[in-house]
file start-v4.cif (mmCIF, C-alpha atoms)
data_entry
loop_
_atom_site.label_atom_id
_atom_site.label_comp_id
_atom_site.auth_asym_id
_atom_site.auth_seq_id
_atom_site.Cartn_x
_atom_site.Cartn_y
_atom_site.Cartn_z
CA MET A 8 -14.63 22.40 14.94
CA LYS A 9 -17.51 20.30 13.64
CA THR A 10 -17.27 16.99 11.82
CA ALA A 11 -19.60 14.62 10.04
CA THR A 12 -18.88 11.21 8.53
CA LEU A 13 -20.77 9.32 5.86
CA LEU A 14 -20.43 5.81 4.44
CA TYR A 15 -21.46 4.97 0.87
CA ARG A 16 -21.91 1.36 -0.16
CA GLU A 17 -23.98 -0.62 -2.65
CA SER A 18 -25.27 2.47 -4.46
CA SER A 19 -26.47 4.40 -1.41
CA TRP A 20 -25.37 6.31 1.67
CA ILE A 21 -25.88 3.68 4.35
CA GLN A 22 -24.52 5.47 7.43
CA GLU A 23 -24.24 9.07 8.59
CA ARG A 24 -22.71 10.38 11.83
CA ASN A 25 -23.34 14.07 12.48
CA THR A 26 -23.59 14.58 16.23
CA ASP A 27 -22.10 18.09 15.89
CA GLY A 28 -24.96 19.27 13.70
CA LEU A 29 -22.65 20.26 10.85
CA GLU A 30 -24.53 22.09 8.10
CA TYR A 31 -23.16 20.57 4.93
CA HIS A 32 -23.14 23.80 2.95
CA LYS A 33 -20.77 25.27 5.57
CA ALA A 34 -18.18 22.48 5.40
CA GLN A 35 -14.73 23.79 4.46
CA LEU A 36 -13.11 20.44 3.72
CA VAL A 37 -14.33 17.02 2.63
CA ILE A 38 -11.97 14.06 2.29
CA GLY A 39 -13.11 10.71 0.95
CA PHE A 40 -11.42 7.30 0.86
CA GLY A 41 -12.94 4.67 -1.38
CA SER A 42 -12.52 1.81 -3.81
CA ALA A 43 -11.11 2.70 -7.21
CA GLU A 44 -14.39 1.95 -8.98
CA LEU A 45 -16.36 4.31 -6.72
CA ILE A 46 -13.75 7.03 -6.58
CA LYS A 47 -13.62 7.48 -10.36
CA ASN A 48 -17.43 7.46 -10.70
CA SER A 49 -18.39 10.92 -11.99
CA ASN A 50 -22.01 10.60 -10.86
CA LEU A 51 -20.94 9.88 -7.29
CA TYR A 52 -18.52 12.80 -7.43
CA GLU A 53 -21.34 15.14 -8.49
CA ASP A 54 -23.51 13.80 -5.67
CA ILE A 55 -20.80 14.63 -3.12
CA ARG A 56 -20.20 18.05 -4.67
CA GLU A 57 -23.90 18.85 -4.49
CA ARG A 58 -24.00 17.89 -0.80
CA PHE A 59 -20.92 19.97 0.05
CA PRO A 60 -20.97 22.87 -2.43
CA ARG A 61 -18.36 25.10 -0.75
CA ALA A 62 -15.87 22.52 0.46
CA GLU A 63 -12.43 21.69 -0.83
CA LEU A 64 -13.10 18.12 -1.97
CA CYS A 65 -10.32 15.53 -2.04
CA LEU A 66 -10.91 11.88 -2.95
CA CYS A 67 -8.42 9.00 -2.83
CA SER A 68 -8.63 5.33 -3.86
CA THR A 69 -7.71 2.69 -1.31
CA ALA A 70 -7.01 -0.93 -0.43
CA GLY A 71 -9.71 -0.76 2.25
CA GLU A 72 -11.80 1.98 3.85
CA ILE A 73 -11.92 2.87 7.55
CA PHE A 74 -15.20 4.18 8.93
CA ASP A 75 -15.84 4.48 12.65
CA LYS A 76 -14.48 1.22 14.16
CA GLY A 77 -14.82 -0.90 11.02
CA VAL A 78 -12.93 -1.72 7.83
CA PHE A 79 -14.85 -1.92 4.55
CA GLU A 80 -14.26 -2.85 0.93
CA GLU A 81 -15.99 -1.48 -2.17
CA ALA A 82 -17.17 1.48 -0.09
CA LEU A 83 -16.53 5.21 0.31
CA SER A 84 -15.73 6.66 3.74
CA LEU A 85 -16.26 10.42 3.82
CA VAL A 86 -15.42 13.02 6.46
CA ALA A 87 -16.55 16.65 6.35
CA VAL A 88 -15.01 19.36 8.54
CA GLN A 89 -15.95 22.90 9.50
CA PHE A 90 -13.49 24.90 11.61
CA SER A 91 -14.29 27.79 13.92
CA SER A 92 -11.27 29.89 12.92
CA ALA A 93 -8.78 27.59 11.20
CA GLN A 94 -8.40 27.60 7.43
CA VAL A 95 -7.30 25.13 4.77
CA GLN A 96 -5.45 25.70 1.53
CA THR A 97 -4.93 23.06 -1.13
CA VAL A 98 -2.63 22.37 -4.04
CA SER A 99 -2.44 19.50 -6.51
CA THR A 100 -0.27 18.41 -9.38
CA THR A 101 0.40 15.38 -11.57
CA ILE A 102 3.54 13.31 -11.54
CA ASP A 103 3.77 13.63 -15.34
CA ALA A 104 4.54 17.34 -14.92
CA PHE A 105 7.90 16.58 -13.28
CA SER A 106 11.06 14.68 -14.08
CA SER A 107 11.02 13.00 -10.65
CA SER A 108 8.80 12.39 -7.64
CA PHE A 109 11.28 14.43 -5.60
CA ASP A 110 10.58 17.51 -7.74
CA ALA A 111 6.85 16.98 -7.31
CA GLY A 112 7.27 16.92 -3.53
CA VAL A 113 9.33 20.12 -3.58
CA PHE A 114 6.69 21.85 -5.70
CA LEU A 115 3.84 20.86 -3.40
CA ILE A 116 5.49 21.93 -0.15
CA ASP A 117 6.73 25.21 -1.65
CA ALA A 118 3.32 26.03 -3.12
CA LEU A 119 1.65 26.22 0.31
CA PRO A 120 1.97 29.52 2.24
CA LYS A 121 4.04 29.05 5.39
CA GLU A 122 2.52 31.60 7.81
CA ASN A 123 0.55 29.80 10.55
CA LEU A 124 0.93 26.49 8.69
CA LYS A 125 0.49 23.64 11.18
CA TRP A 126 -0.08 20.48 9.15
CA VAL A 127 0.32 19.27 5.57
CA PHE A 128 -1.78 16.23 4.68
CA VAL A 129 -0.59 14.51 1.51
CA LEU A 130 -2.53 12.02 -0.61
CA SER A 131 -0.60 10.66 -3.58
CA ASP A 132 -1.01 8.29 -6.48
CA GLY A 133 0.33 4.96 -5.28
CA GLY A 134 1.45 3.46 -8.57
CA LYS A 135 3.26 6.05 -10.67
CA VAL A 136 4.84 7.98 -7.79
CA ASN A 137 8.05 6.90 -6.06
CA GLY A 138 7.01 7.35 -2.43
CA SER A 139 10.56 7.61 -1.08
CA GLU A 140 11.47 10.39 -3.49
CA LEU A 141 8.18 12.21 -2.89
CA VAL A 142 8.85 12.23 0.86
CA ARG A 143 12.39 13.53 0.34
CA GLY A 144 10.96 16.38 -1.68
CA LEU A 145 8.25 17.16 0.86
CA LYS A 146 10.77 17.52 3.69
CA HIS A 147 13.47 19.39 1.78
CA SER A 148 12.50 22.63 3.55
CA HIS A 149 11.09 21.10 6.74
CA THR A 150 9.97 23.62 9.32
CA GLN A 151 9.92 22.60 12.98
CA ASP A 152 6.40 22.15 14.39
CA VAL A 153 4.87 21.72 10.91
CA LEU A 154 3.56 18.19 10.71
CA ILE A 155 3.61 16.34 7.38
CA SER A 156 1.67 13.08 7.08
CA GLY A 157 -0.50 11.18 4.64
CA GLY A 158 -0.32 8.15 2.40
CA LEU A 159 -0.19 6.60 -1.05
CA ALA A 160 -3.47 5.67 -2.72
CA GLY A 161 -4.36 2.02 -3.18
CA ASP A 162 -6.19 -0.24 -5.60
CA GLY A 163 -7.22 -3.11 -3.37
CA THR A 164 -4.85 -6.03 -3.88
CA ASN A 165 -4.76 -5.44 -7.64
CA PHE A 166 -1.73 -3.11 -7.55
CA ASN A 167 -2.94 -1.59 -10.81
CA GLN A 168 -4.11 2.02 -11.18
CA THR A 169 -4.73 4.31 -8.22
CA TYR A 170 -6.74 7.53 -8.22
CA VAL A 171 -6.56 10.87 -6.42
CA GLY A 172 -8.45 14.08 -7.16
CA LEU A 173 -8.87 17.61 -5.81
CA ASN A 174 -12.14 19.33 -6.73
CA GLU A 175 -12.50 17.04 -9.74
CA VAL A 176 -13.11 13.39 -10.54
CA PRO A 177 -9.97 11.52 -9.40
CA LYS A 178 -7.39 10.40 -11.97
CA PRO A 179 -4.14 8.40 -11.95
CA GLY A 180 -0.89 10.24 -11.29
CA VAL A 181 -2.34 13.01 -9.10
CA ILE A 182 -0.78 14.21 -5.82
CA VAL A 183 -2.66 16.49 -3.42
CA ALA A 184 -1.36 18.50 -0.46
CA ILE A 185 -3.79 20.05 2.04
CA GLY A 186 -2.41 22.76 4.32
CA PHE A 187 -4.07 23.39 7.70
CA TYR A 188 -3.63 26.86 9.23
CA GLY A 189 -4.53 28.34 12.58
CA GLU A 190 -3.14 29.16 16.02
CA HIS A 191 -5.84 27.09 17.72
CA LEU A 192 -5.11 23.82 15.94
CA GLN A 193 -3.74 21.05 18.13
CA LEU A 194 -2.10 18.15 16.33
CA SER A 195 -0.79 14.77 17.39
CA HIS A 196 0.59 11.77 15.59
CA GLY A 197 1.79 8.20 16.10
CA SER A 198 3.45 5.54 13.98
CA VAL A 199 4.13 1.93 15.03
CA GLY A 200 4.69 -1.25 13.00
CA GLY A 201 4.58 -4.09 15.51
CA TRP A 202 6.71 -6.53 13.53
CA GLU A 203 9.35 -8.65 15.27
CA SER A 204 12.95 -8.57 14.02
CA PHE A 205 15.01 -11.75 13.90
CA GLY A 206 18.48 -12.71 12.72
CA MET A 207 21.57 -10.55 12.66
CA GLU A 208 21.82 -7.03 11.27
CA ARG A 209 23.30 -6.94 7.78
CA GLU A 210 24.43 -4.29 5.27
CA VAL A 211 22.95 -3.53 1.87
CA THR A 212 25.87 -3.81 -0.56
CA LYS A 213 24.06 -3.50 -3.89
CA ALA A 214 20.74 -1.79 -4.58
CA ARG A 215 19.12 0.56 -7.07
CA LYS A 216 16.33 2.69 -5.66
CA ASN A 217 13.74 0.14 -4.45
CA ILE A 218 15.41 -2.95 -5.93
CA LEU A 219 17.71 -4.92 -3.62
CA PHE A 220 20.38 -7.13 -5.20
CA LYS A 221 22.93 -7.98 -2.51
CA ILE A 222 23.20 -8.07 1.30
CA ASP A 223 26.67 -8.50 2.80
CA GLY A 224 27.89 -9.24 -0.71
CA LYS A 225 25.50 -12.19 -1.08
CA LYS A 226 22.54 -12.49 -3.41
CA ALA A 227 19.62 -10.98 -1.53
CA LEU A 228 16.98 -13.48 -2.60
CA ASP A 229 19.13 -16.49 -1.72
CA LEU A 230 19.76 -15.09 1.75
CA TYR A 231 16.08 -14.21 2.19
CA LYS A 232 14.99 -17.75 1.28
CA THR A 233 17.41 -19.17 3.83
CA TYR A 234 15.74 -17.14 6.57
CA LEU A 235 12.22 -18.05 5.40
CA GLY A 236 12.84 -21.80 5.56
CA LYS A 237 9.67 -23.67 4.61
CA TYR A 238 7.91 -20.40 3.74
CA ALA A 239 10.34 -19.87 0.83
CA PHE A 240 8.19 -22.22 -1.25
CA GLU A 241 5.25 -19.82 -0.82
CA LEU A 242 6.98 -16.79 -2.34
CA PRO A 243 6.08 -14.17 -3.43
CA SER A 244 2.87 -14.16 -1.32
CA ALA A 245 4.80 -15.21 1.82
CA ALA A 246 6.85 -12.01 1.57
CA LEU A 247 3.98 -10.13 3.24
CA LEU A 248 4.68 -12.14 6.39
CA PHE A 249 8.39 -11.26 6.35
CA PRO A 250 9.11 -7.59 5.60
CA LEU A 251 12.46 -5.90 6.13
CA ALA A 252 13.57 -3.52 8.89
CA LEU A 253 15.69 -0.73 7.39
CA LYS A 254 18.04 1.71 9.16
CA VAL A 255 19.81 4.36 7.09
CA SER A 256 21.92 5.42 10.09
CA ASN A 257 22.65 3.98 13.53
CA THR A 258 20.84 6.86 15.23
CA GLU A 259 17.50 6.26 13.51
CA GLN A 260 14.71 3.88 14.38
CA PRO A 261 14.14 1.19 11.74
CA ILE A 262 11.56 1.70 9.00
CA VAL A 263 9.54 -1.25 7.74
CA ARG A 264 9.78 -2.07 4.04
CA THR A 265 7.31 -4.36 2.22
CA ILE A 266 8.52 -6.75 -0.46
CA LEU A 267 6.39 -6.32 -3.58
CA SER A 268 7.98 -8.89 -5.88
CA ILE A 269 10.96 -11.16 -6.41
CA ASN A 270 13.08 -11.85 -9.49
CA GLU A 271 14.44 -15.39 -9.62
CA LYS A 272 16.57 -14.61 -12.68
CA ASN A 273 18.75 -11.93 -11.08
CA GLN A 274 18.02 -12.95 -7.47
CA SER A 275 16.66 -9.51 -6.56
CA MET A 276 13.74 -8.22 -4.51
CA THR A 277 11.61 -5.15 -5.23
CA PHE A 278 10.31 -3.15 -2.25
CA ALA A 279 7.60 -0.53 -1.70
CA GLY A 280 10.22 2.10 -0.90
CA ASP A 281 13.90 2.73 -1.55
CA ILE A 282 16.63 0.54 -0.01
CA PRO A 283 19.82 2.69 0.00
CA GLU A 284 23.23 1.06 -0.35
CA GLY A 285 25.08 1.08 2.96
CA SER A 286 21.88 0.91 5.01
CA LYS A 287 21.42 -1.76 7.68
CA VAL A 288 18.65 -4.35 7.43
CA ARG A 289 17.13 -7.14 9.48
CA PHE A 290 14.41 -9.58 8.56
CA MET A 291 11.05 -9.34 10.33
CA LYS A 292 8.10 -11.64 10.96
CA ALA A 293 4.44 -11.18 11.76
CA ASN A 294 2.94 -11.58 15.20
CA PHE A 295 -0.82 -11.09 14.94
CA ASP A 296 -1.31 -9.89 18.51
CA ARG A 297 1.66 -7.56 18.29
CA LEU A 298 0.31 -5.95 15.12
CA VAL A 299 -2.91 -5.09 16.93
CA GLU A 300 -0.95 -3.86 19.97
CA ALA A 301 1.06 -1.63 17.64
CA ALA A 302 -2.11 0.12 16.50
CA SER A 303 -2.92 0.73 20.16
CA ASP A 304 0.61 2.03 20.73
CA ALA A 305 0.29 4.48 17.83
CA ALA A 306 -2.88 5.88 19.40
CA SER A 307 -1.14 6.09 22.79
CA GLN A 308 1.61 8.16 21.17
CA CYS A 309 -1.04 10.64 20.02
CA VAL A 310 -2.49 10.89 23.52
CA SER A 311 0.88 11.32 25.23
CA LEU A 312 2.00 13.95 22.73
CA ARG A 313 -0.91 16.29 23.50
CA GLU A 314 -2.29 14.82 26.74
CA GLY A 315 -5.77 14.49 25.33
CA LYS A 316 -7.97 12.74 22.81
CA PRO A 317 -8.14 14.28 19.33
CA LYS A 318 -11.49 15.35 17.93
CA LEU A 319 -10.73 13.67 14.60
CA ALA A 320 -8.12 11.06 13.69
CA PHE A 321 -6.91 9.98 10.26
CA LEU A 322 -5.75 6.35 10.32
CA ILE A 323 -3.55 5.23 7.44
CA SER A 324 -2.43 1.63 7.63
CA CYS A 325 -0.84 -0.68 5.08
CA VAL A 326 -2.46 -3.09 2.64
CA GLY A 327 0.11 -5.65 3.82
CA ARG A 328 -1.20 -5.48 7.39
CA LYS A 329 -4.73 -5.91 6.08
CA MET A 330 -3.76 -9.01 4.14
CA VAL A 331 -1.86 -10.50 7.07
CA LEU A 332 -4.55 -9.81 9.68
CA GLY A 333 -7.34 -11.02 7.40
CA ASN A 334 -10.68 -11.26 9.19
CA ARG A 335 -9.04 -9.83 12.33
CA ILE A 336 -8.43 -6.49 10.62
CA ASP A 337 -11.18 -4.67 12.55
CA GLU A 338 -9.24 -5.39 15.75
CA GLU A 339 -6.56 -2.80 15.03
CA ILE A 340 -9.19 -0.11 14.45
CA GLU A 341 -11.03 -1.10 17.62
CA ALA A 342 -7.73 -0.97 19.53
CA VAL A 343 -7.23 2.64 18.43
CA SER A 344 -10.80 3.57 19.37
CA GLU A 345 -10.35 2.10 22.85
CA ILE A 346 -7.27 4.23 23.53
CA PHE A 347 -9.24 7.30 22.46
CA ASN A 348 -12.08 6.20 24.81
CA HIS A 349 -14.39 5.99 21.78
CA GLN A 350 -14.51 9.81 21.81
CA THR A 351 -12.58 10.42 18.58
CA VAL A 352 -14.07 10.39 15.09
CA LEU A 353 -12.10 7.85 13.06
CA THR A 354 -11.57 7.84 9.32
CA GLY A 355 -8.83 6.65 6.97
CA PHE A 356 -7.74 3.91 4.62
CA TYR A 357 -5.38 1.06 3.81
CA SER A 358 -2.59 2.31 1.60
CA TYR A 359 0.38 1.41 -0.58
CA GLY A 360 2.65 3.47 1.72
CA GLU A 361 2.28 5.60 4.83
CA ILE A 362 3.79 9.05 5.42
CA ALA A 363 4.50 10.12 9.01
CA PRO A 364 7.36 11.24 11.30
CA MET A 365 9.31 8.78 13.43
CA ARG A 366 9.60 11.25 16.32
CA PRO A 367 7.37 14.15 17.49
CA PHE A 368 7.09 16.65 14.64
CA ALA A 369 10.31 15.41 13.04
CA PRO A 370 10.64 15.26 9.25
CA CYS A 371 8.29 12.71 7.73
CA GLU A 372 9.34 9.29 6.44
CA LEU A 373 7.81 6.72 4.11
CA HIS A 374 6.62 3.63 5.97
CA ASN A 375 5.28 0.23 4.93
CA GLN A 376 3.33 -2.25 7.04
CA THR A 377 2.78 0.47 9.66
CA MET A 378 -0.24 1.95 11.42
CA THR A 379 0.05 5.75 11.28
CA ILE A 380 -2.36 8.14 13.01
CA THR A 381 -2.76 11.90 12.75
CA GLY A 382 -5.07 13.54 15.31
CA ILE A 383 -6.51 17.04 15.00
CA THR A 384 -8.48 19.22 17.40
CA GLU A 385 -9.40 22.89 17.24
CA LEU A 386 -9.21 24.55 20.64
CA VAL A 387 -11.78 27.26 21.30
#
call {"tool": "encode", "arguments": {"input": "start-v4.cif", "output": "structure tokens"}}
result
Amino acid sequence: MKTATLLYRESSWIQERNTDGLEYHKAQLVIGFGSAELIKNSNLYEDIRERFPRAELCLCSTAGEIFDKGVFEEALSLVAVQFSSAQVQTVSTTIDAFSSSFDAGVFLIDALPKENLKWVFVLSDGGKVNGSELVRGLKHSHTQDVLISGGLAGDGTNFNQTYVGLNEVPKPGVIVAIGFYGEHLQLSHGSVGGWESFGMEREVTKARKNILFKIDGKKALDLYKTYLGKYAFELPSAALLFPLALKVSNTEQPIVRTILSINEKNQSMTFAGDIPEGSKVRFMKANFDRLVEAASDAASQCVSLREGKPKLAFLISCVGRKMVLGNRIDEEIEAVSEIFNHQTVLTGFYSYGEIAPMRPFAPCELHNQTMTITGITELV
């Protein structure tokens, strides 16, 4: 397995890492994460296609690009891969072709051949697609030992249009699934939030998809403001500092949910993921050091799962974490690199939602405010 990474910024390719001596015309797969303006640039797309003429080419817009141990904006982080024996197959669709995001997820997972399938990497539009429903569709026929991970495209902090494309200039509404096949592929993954829960556990008593109306029979926004105290006056921006821990059942670990907006009129809150009625919730708060430690913990999960450092790791973290950490954002990438002993090639992006299992090779879940890592190595 050979890899090469490139970084495009300010109208030129400013960095290239190709210690494996990958010949670009032999690359089987190229994945790029970049700002919306760069991703939809047809001239840049043609440049990439000319460099990697035989590769399956997938591009995704972001809320921040990860390259090596740094986080960039208004850039394009590109990784090219050539396997020794493994193969990739790809499928894409648009959300407009289906009546629901669930149906789109079912289509994508069913369209990939299942023999020797090891990993499905999903990159989805982050605005038009309901991430919770997409994930439910992706795991409707979950096969043990087949890893599903990925993320929802971003648009910086604009929360406007996002773009994804497979072998074409990216467009809004597109969802791509990349299947990785081969007996010699070794995969690992990790997913940790690092937020601290506080207050008592409560029950969601009224909700509709990702809109929360009542907790324990009380208006959700009123209750939320009570917990925030002085920070209530800084809503909705303060909501990034206080996400929600969600448990659908008592046996599951909590999933973090980001608050996107509030509605003073009906006292509701809209989240970046569904909040089912009957689920249990607790409020959470940010601890800067713990967020960075969580990134380290996610990398440690990868190492413990396979007892080794992956050759290549895809890091998908949340735009909310990026906004909270601010100028400390590079620290969570550096923390991951340290766990991997600086031996692993790092790429990835900041997203509007992260897709990863909670437990080793379990069905995937939609996360917010979480560092997720997928590691891949080809054994020879």
call {"tool": "closest_residue", "arguments": {"input": "start-v4.cif", "among": "A:Gly236, A:Gly161, A:Gly41, A:Gly28", "to": "Ala87 (chain A)", "atoms": "all atoms listed in the file"}}
result
A:Gly28
call {"tool": "resolve_selection", "arguments": {"input": "start-v4.cif", "expression": "the PyMOL selection byres ((chain A and resi 199-203) around 7)", "output": "list in words"}}
result
Gly197, Ser198, Ser204, Phe205, Met291, Lys292, Ala293, Asn294, Arg297, Leu298, Ala301, Ala302, Asp304, Ala305, Gln376, Thr377, Met378 and Thr379 of chain A
call {"tool": "atom_distance", "arguments": {"input": "start-v4.cif", "atom1": "CA of Tyr234 (chain A)", "atom2": "CA of Arg209 (chain A)"}}
result
12.8 Å
call {"tool": "residues_around", "arguments": {"input": "start-v4.cif", "residues": "Cys65 (chain A)", "least_positions_apart": "5", "cutoff": "8 Å", "atoms": "all atoms listed in the file", "output": "PyMOL selection string"}}
result
chain A and resi 37-39+171-174+183
call {"tool": "resolve_selection", "arguments": {"input": "start-v4.cif", "expression": "the PyMOL selection byres ((chain A and resi 285) around 7)", "output": "PyMOL selection string"}}
result
chain A and resi 210-212+283-284+286-287
call {"tool": "residues_around", "arguments": {"input": "start-v4.cif", "residues": "Arg335 (chain A)", "least_positions_apart": "5", "cutoff": "10 Å", "atoms": "only C-alpha atoms", "output": "MDAnalysis selection string"}}
result
chainID A and resid 295:296 299 329:330 340
call {"tool": "resolve_selection", "arguments": {"input": "start-v4.cif", "expression": "the PyMOL selection byres ((chain A and resi 364) around 10)", "output": "CSV table (one decimal) with C-alpha atoms, in the frame of the given file"}}
result
chain,number,residue,atom,x,y,z
A,154,LEU,CA,3.6,18.2,10.7
A,155,ILE,CA,3.6,16.3,7.4
A,156,SER,CA,1.7,13.1,7.1
A,196,HIS,CA,0.6,11.8,15.6
A,197,GLY,CA,1.8,8.2,16.1
A,198,SER,CA,3.4,5.5,14.0
A,361,GLU,CA,2.3,5.6,4.8
A,362,ILE,CA,3.8,9.0,5.4
A,363,ALA,CA,4.5,10.1,9.0
A,365,MET,CA,9.3,8.8,13.4
A,366,ARG,CA,9.6,11.2,16.3
A,367,PRO,CA,7.4,14.2,17.5
A,368,PHE,CA,7.1,16.6,14.6
A,369,ALA,CA,10.3,15.4,13.0
A,370,PRO,CA,10.6,15.3,9.2
A,371,CYS,CA,8.3,12.7,7.7
A,372,GLU,CA,9.3,9.3,6.4
A,373,LEU,CA,7.8,6.7,4.1
A,374,HIS,CA,6.6,3.6,6.0
A,379,THR,CA,0.0,5.8,11.3
call {"tool": "closest_residue", "arguments": {"input": "start-v4.cif", "among": "A:Ala252, A:Ala306, A:Val331, A:Leu322", "to": "Val343 (chain A)", "atoms": "all atoms listed in the file"}}
result
A:Ala306
